[in-house]
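A quick write-up on the structure given underneath.
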Amino acid sequence: MDFEQARTWVEQANQKAGEMGLEAMSHLMNGLNNPQDRSHIIHVGGTNGKGSICSYIAYILASAGYRVGRYISPTIYEYRERIQTLECENGKPVVRYISEQDYVELVQKSKVVYDKMEQENHVLPSAFELETGISFCYFKKQKCDFVLLEVGMGGRRDATNIISHSECTVFASISMDHMNILGDTLEKIVKEKSGIIKPQGTVVTYDYGWLAKENKESDITTPILRQVTEKQEGSIVSADFSKIGEEKHSLQGITFSYETYENLQITLLGENQTKNAAVAIEAIERLQAKGYEISREDIYRGIKETRWDGRFQVIWNHPYYIVDGAHNVDAAKSLKKSISMYLKGKQLLFVVGILADKEYQKIMALLGPYAEKIITITPDNPRALSAQELQQVALQYCPCVEVGENVEKALDIVQKEEKNYDAVLIFGSLYYLHSVFSYMEKRKKREEIEVEKPF
């Protein structure tokens, strides 16, 4: 079995996978000798901002000298990006993807367990569940000090919830998403996501009181998470966004303060990034309280070094090209604020591709009016909404909408018209951003242009 054969085998597992739940995962991990039970895990759930919070925490821990394992899905650049380690070398955090050799070896090991499960008529794991198991095996092999574990969907029945303990459970922003699976009300979704809270666990949360106030709603999220934590005899603390101050935003980076931390610098852009960083700092302080050696300098350095591509990221300056993975209503609201913050009064051209199971009507209602023109594409995903269908929706909010079909055709159109705009904003789904990066990288080499570096 070579690398491509191993990948194909994992992907084909979805054809025989059972329903979402932990039964298949339990059999799989037992067969792999439960490597997750020997990991120091930070488990991160929520709807939007999970990846950013994981990144801040990972880079801080790496700056403190720890080796950190991360399993990420979906990815932007390549498949091996899903399973990676992060550690500090010569004063700089370095990311390494799993090697093809290690991946093949662990797929073969997993296949032995899978085949036995199939022979014994057990519920079979999905590709996501297999990859989660493979990542645990890899992190054990790499002797990672910490594992940053990002929930795939929901919480209670998610493959990552096979863990029996965690050093810290962290919740990012929670909003309506995957309603057909998680529930059709926010209360149901929060209860489903709260299923990752462990007995006697340490829980850190987003400031949902602030979020509810922003949306002119009552905060039902905090009481549910507190109730579940108390039932599990754990401790819970929320970030306090009222203590975020001195914010200075530009397309080159953000400086801000939080509690006793002054003049923090981050390169991730977007109105929500100071809040995600605050949640990460709260999680790090809980680890400090448990005796892990992490200095204030590690926090400053890690926050500044953090990279998390595809989230309101400037990838071109002539004019500005900005990519953002905004894929649901809550993320669209955040992107709307970022547009007002960074691009107010600018002439904007949008490139948009959205999955059909998202609330694309509401997303376009929020963002469509900001564009002078929109080009729609069909993301390379079985769940994609067609460019033609999206065009009809977008025309309700923007008078000029053109079908671009795929990324290459859309960006060819953009390149011919970019001189008429101050910025090009590409958003809707993470699943097609790798094609955007690839297209722009080729253009960058062809035109020998450098993108401005932050700070």
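Starting from 1 in every chain, residues are counted up; chains themselves are A, B, ... following the order of the structure tokens, and ligands are numbered from 1 as listed.
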Contacts of Ile98 (chain A) at 12 Å or less, counting only C-alpha atoms, minus same-chain residues fewer than 6 places along, as an MDAnalysis selection string?
-> chainID A and resid 3 69:72 78:86 104:106 131 134:139 141:142
Please, which residues of region 52-157 of chain A, numbered as in this document, come out helix (DSSP H, G or I) from DSSP, as a ChimeraX atom specification?
-> /A:52-63,79-82,100-119,127-141
Find the residues around Ile377 (chain A) up to 12 Å (only C-alpha atoms counted), leave out those fewer than 2 positions away in its own chain, and share them as a ChimeraX atom specification.
-> /A:350-355,374-375,379-381,384-391,394,401-411,413,426-429,431-433,435-436
Would you save the residues from that selection as an mmCIF file, in the first residue's frame, using C-alpha atoms?
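Output contents, as saved in result-v2.cif:
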```
data_model
loop_
_atom_site.group_PDB
_atom_site.id
_atom_site.type_symbol
_atom_site.label_atom_id
_atom_site.label_comp_id
_atom_site.auth_asym_id
_atom_site.auth_seq_id
_atom_site.Cartn_x
_atom_site.Cartn_y
_atom_site.Cartn_z
ATOM 1 C CA PHE A 350 -16.826 39.183 -3.992
ATOM 2 C CA VAL A 351 -16.060 35.603 -5.026
ATOM 3 C CA VAL A 352 -18.450 33.270 -3.185
ATOM 4 C CA GLY A 353 -18.952 29.494 -2.993
ATOM 5 C CA ILE A 354 -21.215 27.908 -0.352
ATOM 6 C CA LEU A 355 -22.319 24.395 0.591
ATOM 7 C CA ILE A 374 -20.324 39.064 -6.996
ATOM 8 C CA ILE A 375 -18.868 36.085 -8.861
ATOM 9 C CA PRO A 379 -17.082 24.451 -4.417
ATOM 10 C CA ASP A 380 -15.391 21.109 -5.126
ATOM 11 C CA ASN A 381 -17.512 19.191 -2.622
ATOM 12 C CA ALA A 384 -21.862 22.158 -2.827
ATOM 13 C CA LEU A 385 -24.540 24.638 -3.841
ATOM 14 C CA SER A 386 -24.267 25.228 -7.583
ATOM 15 C CA ALA A 387 -22.923 28.552 -8.828
ATOM 16 C CA GLN A 388 -26.146 29.055 -10.802
ATOM 17 C CA GLU A 389 -28.378 28.581 -7.734
ATOM 18 C CA LEU A 390 -26.191 30.890 -5.665
ATOM 19 C CA GLN A 391 -26.338 33.501 -8.432
ATOM 20 C CA ALA A 394 -27.170 36.757 -4.689
ATOM 21 C CA VAL A 401 -23.740 38.773 -10.217
ATOM 22 C CA GLU A 402 -21.796 36.578 -12.651
ATOM 23 C CA VAL A 403 -21.353 32.798 -12.634
ATOM 24 C CA GLY A 404 -17.676 31.868 -12.484
ATOM 25 C CA GLU A 405 -18.254 28.094 -12.156
ATOM 26 C CA ASN A 406 -14.920 27.132 -10.573
ATOM 27 C CA VAL A 407 -12.086 28.948 -8.798
ATOM 28 C CA GLU A 408 -9.813 29.247 -11.821
ATOM 29 C CA LYS A 409 -12.511 30.719 -14.089
ATOM 30 C CA ALA A 410 -13.687 33.078 -11.349
ATOM 31 C CA LEU A 411 -10.188 34.385 -10.617
ATOM 32 C CA ILE A 413 -12.501 37.128 -14.421
ATOM 33 C CA ILE A 426 -13.242 35.463 -1.366
ATOM 34 C CA PHE A 427 -15.406 33.543 1.129
ATOM 35 C CA GLY A 428 -18.123 30.956 1.772
ATOM 36 C CA SER A 429 -16.336 27.669 2.432
ATOM 37 C CA TYR A 431 -13.226 23.580 0.995
ATOM 38 C CA TYR A 432 -12.188 25.596 -2.049
ATOM 39 C CA LEU A 433 -9.623 27.972 -0.535
ATOM 40 C CA SER A 435 -7.503 26.256 -5.056
ATOM 41 C CA VAL A 436 -7.423 30.011 -4.414
#
```
Determine, counting only C-alpha atoms, which protein, DNA and RNA residues have an atom within 6 Å of an atom of Phe146 (chain A); residues of the same chain fewer than 3 positions away are not included. Present the result as a VMD selection string.
-> chain A and resid 40 to 41 68
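Straight-line separation from CA of Gln313 (chain A) to CA of Tyr56 (chain A): 15.8 Å.
For region 47-90 of chain A, a DSSP pass over the backbone yields strand (DSSP E or B) at A:Asn48, A:Val68, A:Gly69, A:Arg70, A:Tyr71, A:Ile83, A:Gln84, A:Thr85, A:Leu86, A:Glu87, A:Cys88, A:Glu89.
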Residues from last step as file, all heavy atoms, as an mmCIF file, in the first residue's frame:
```cif
data_model
loop_
_atom_site.group_PDB
_atom_site.id
_atom_site.type_symbol
_atom_site.label_atom_id
_atom_site.label_comp_id
_atom_site.auth_asym_id
_atom_site.auth_seq_id
_atom_site.Cartn_x
_atom_site.Cartn_y
_atom_site.Cartn_z
ATOM 1 N N ASN A 48 -17.873 28.533 15.655
ATOM 2 C CA ASN A 48 -16.910 29.364 14.930
ATOM 3 C C ASN A 48 -15.765 29.785 15.851
ATOM 4 O O ASN A 48 -15.997 30.115 17.013
ATOM 5 C CB ASN A 48 -17.590 30.620 14.378
ATOM 6 C CG ASN A 48 -18.651 30.290 13.351
ATOM 7 O OD1 ASN A 48 -18.389 29.595 12.385
ATOM 8 N ND2 ASN A 48 -19.870 30.771 13.566
ATOM 9 N N VAL A 68 3.474 19.847 20.351
ATOM 10 C CA VAL A 68 2.008 19.832 20.301
ATOM 11 C C VAL A 68 1.535 19.098 19.055
ATOM 12 O O VAL A 68 2.018 19.350 17.948
ATOM 13 C CB VAL A 68 1.454 21.272 20.289
ATOM 14 C CG1 VAL A 68 -0.071 21.259 20.314
ATOM 15 C CG2 VAL A 68 2.006 22.077 21.466
ATOM 16 N N GLY A 69 0.580 18.208 19.230
ATOM 17 C CA GLY A 69 -0.042 17.524 18.104
ATOM 18 C C GLY A 69 -1.391 18.155 17.792
ATOM 19 O O GLY A 69 -2.116 18.558 18.704
ATOM 20 N N ARG A 70 -1.729 18.260 16.488
ATOM 21 C CA ARG A 70 -3.025 18.805 16.078
ATOM 22 C C ARG A 70 -3.614 17.958 14.954
ATOM 23 O O ARG A 70 -2.904 17.564 14.036
ATOM 24 C CB ARG A 70 -2.886 20.247 15.578
ATOM 25 C CG ARG A 70 -2.604 21.266 16.660
ATOM 26 C CD ARG A 70 -2.691 22.679 16.090
ATOM 27 N NE ARG A 70 -4.061 23.007 15.694
ATOM 28 C CZ ARG A 70 -4.401 24.140 15.075
ATOM 29 N NH1 ARG A 70 -3.467 25.024 14.762
ATOM 30 N NH2 ARG A 70 -5.657 24.386 14.758
ATOM 31 N N TYR A 71 -4.909 17.700 15.070
ATOM 32 C CA TYR A 71 -5.657 17.066 13.978
ATOM 33 C C TYR A 71 -6.653 18.091 13.470
ATOM 34 O O TYR A 71 -7.476 18.596 14.230
ATOM 35 C CB TYR A 71 -6.368 15.799 14.467
ATOM 36 C CG TYR A 71 -7.335 15.223 13.448
ATOM 37 C CD1 TYR A 71 -6.927 14.992 12.131
ATOM 38 C CD2 TYR A 71 -8.643 14.910 13.784
ATOM 39 C CE1 TYR A 71 -7.799 14.481 11.188
ATOM 40 C CE2 TYR A 71 -9.526 14.383 12.852
ATOM 41 C CZ TYR A 71 -9.100 14.182 11.555
ATOM 42 O OH TYR A 71 -9.966 13.679 10.625
ATOM 43 N N ILE A 83 -2.892 16.048 9.960
ATOM 44 C CA ILE A 83 -2.220 15.477 11.131
ATOM 45 C C ILE A 83 -0.838 16.115 11.215
ATOM 46 O O ILE A 83 0.017 15.857 10.371
ATOM 47 C CB ILE A 83 -2.122 13.944 11.017
ATOM 48 C CG1 ILE A 83 -3.525 13.343 10.862
ATOM 49 C CG2 ILE A 83 -1.415 13.362 12.241
ATOM 50 C CD1 ILE A 83 -3.535 11.859 10.556
ATOM 51 N N GLN A 84 -0.623 16.963 12.205
ATOM 52 C CA GLN A 84 0.601 17.747 12.252
ATOM 53 C C GLN A 84 1.114 17.925 13.672
ATOM 54 O O GLN A 84 0.361 17.754 14.643
ATOM 55 C CB GLN A 84 0.373 19.115 11.617
ATOM 56 C CG GLN A 84 -0.716 19.940 12.289
ATOM 57 C CD GLN A 84 -0.909 21.290 11.633
ATOM 58 O OE1 GLN A 84 -0.606 22.320 12.226
ATOM 59 N NE2 GLN A 84 -1.443 21.291 10.404
ATOM 60 N N THR A 85 2.381 18.261 13.783
ATOM 61 C CA THR A 85 2.976 18.614 15.073
ATOM 62 C C THR A 85 3.530 20.027 14.981
ATOM 63 O O THR A 85 3.853 20.517 13.897
ATOM 64 C CB THR A 85 4.103 17.646 15.475
ATOM 65 O OG1 THR A 85 5.117 17.658 14.457
ATOM 66 C CG2 THR A 85 3.570 16.233 15.664
ATOM 67 N N LEU A 86 3.643 20.646 16.130
ATOM 68 C CA LEU A 86 4.150 22.008 16.228
ATOM 69 C C LEU A 86 5.110 22.071 17.411
ATOM 70 O O LEU A 86 4.766 21.661 18.516
ATOM 71 C CB LEU A 86 2.980 22.973 16.440
ATOM 72 C CG LEU A 86 3.278 24.464 16.620
ATOM 73 C CD1 LEU A 86 3.870 25.038 15.345
ATOM 74 C CD2 LEU A 86 2.005 25.208 16.993
ATOM 75 N N GLU A 87 6.335 22.558 17.163
ATOM 76 C CA GLU A 87 7.297 22.731 18.249
ATOM 77 C C GLU A 87 8.255 23.852 17.906
ATOM 78 O O GLU A 87 8.327 24.294 16.749
ATOM 79 C CB GLU A 87 8.066 21.432 18.509
ATOM 80 C CG GLU A 87 8.858 20.913 17.337
ATOM 81 C CD GLU A 87 9.459 19.549 17.632
ATOM 82 O OE1 GLU A 87 9.989 19.360 18.742
ATOM 83 O OE2 GLU A 87 9.386 18.670 16.759
ATOM 84 N N CYS A 88 8.958 24.348 18.913
ATOM 85 C CA CYS A 88 9.838 25.494 18.732
ATOM 86 C C CYS A 88 11.248 25.040 18.347
ATOM 87 O O CYS A 88 11.815 24.140 18.972
ATOM 88 C CB CYS A 88 9.898 26.293 20.031
ATOM 89 S SG CYS A 88 10.355 28.009 19.788
ATOM 90 N N GLU A 89 11.772 25.633 17.291
ATOM 91 C CA GLU A 89 13.144 25.375 16.863
ATOM 92 C C GLU A 89 13.831 26.700 16.561
ATOM 93 O O GLU A 89 13.299 27.507 15.792
ATOM 94 C CB GLU A 89 13.163 24.474 15.619
ATOM 95 C CG GLU A 89 12.705 23.052 15.885
ATOM 96 C CD GLU A 89 12.825 22.171 14.658
ATOM 97 O OE1 GLU A 89 13.358 22.650 13.634
ATOM 98 O OE2 GLU A 89 12.359 21.016 14.712
#
```
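Residues surrounding Pro223 (chain A) within 12 Å are Glu187, Val190, Lys191, Ser194, Thr205, Asp207, Tyr208, Gly209, Ser218, Asp219, Ile220, Thr221, Leu225, Arg226, Gln227, Val228, Thr229, Glu230, Ile236 and Ser238 of chain A [only C-alpha atoms; sequence separation below 2 positions excluded].
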Would you kindly return, as number ranges by chain, each protein, DNA or RNA residue with an atom no farther than 8 Å from any atom of Leu61 (chain A), considering only C-alpha atoms and excluding same-chain residues fewer than 5 positions away?
-> A: 66-68, 294, 298, 302
Counting only C-alpha atoms, what is within 7 Å of Tyr59 (chain A), bar same-chain residues fewer than 2 positions away, as a VMD selection string?
-> chain A and resid 55 to 57 61 to 63 93 302 to 303 305 to 306
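When only C-alpha atoms are used to measure the gap to Ser334 (chain A), the shortest distance among A:Ala283, A:Asp309, A:Leu149, A:Leu269 belongs to A:Leu269.
The smallest atom-to-atom distance between Ala58 (chain A) and any of A:Val204, A:Ala423, A:Leu367, A:Cys144, using only C-alpha atoms, is found for A:Cys144.
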Pick from A:Glu11, A:Glu192, A:Asp412, A:Asp102, whichever lies nearest to Gly45 (chain A) using only C-alpha atoms = A:Glu192
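For the pair CA of Val123 (chain A) and CA of Gly21 (chain A), the separation is 9.7 Å.
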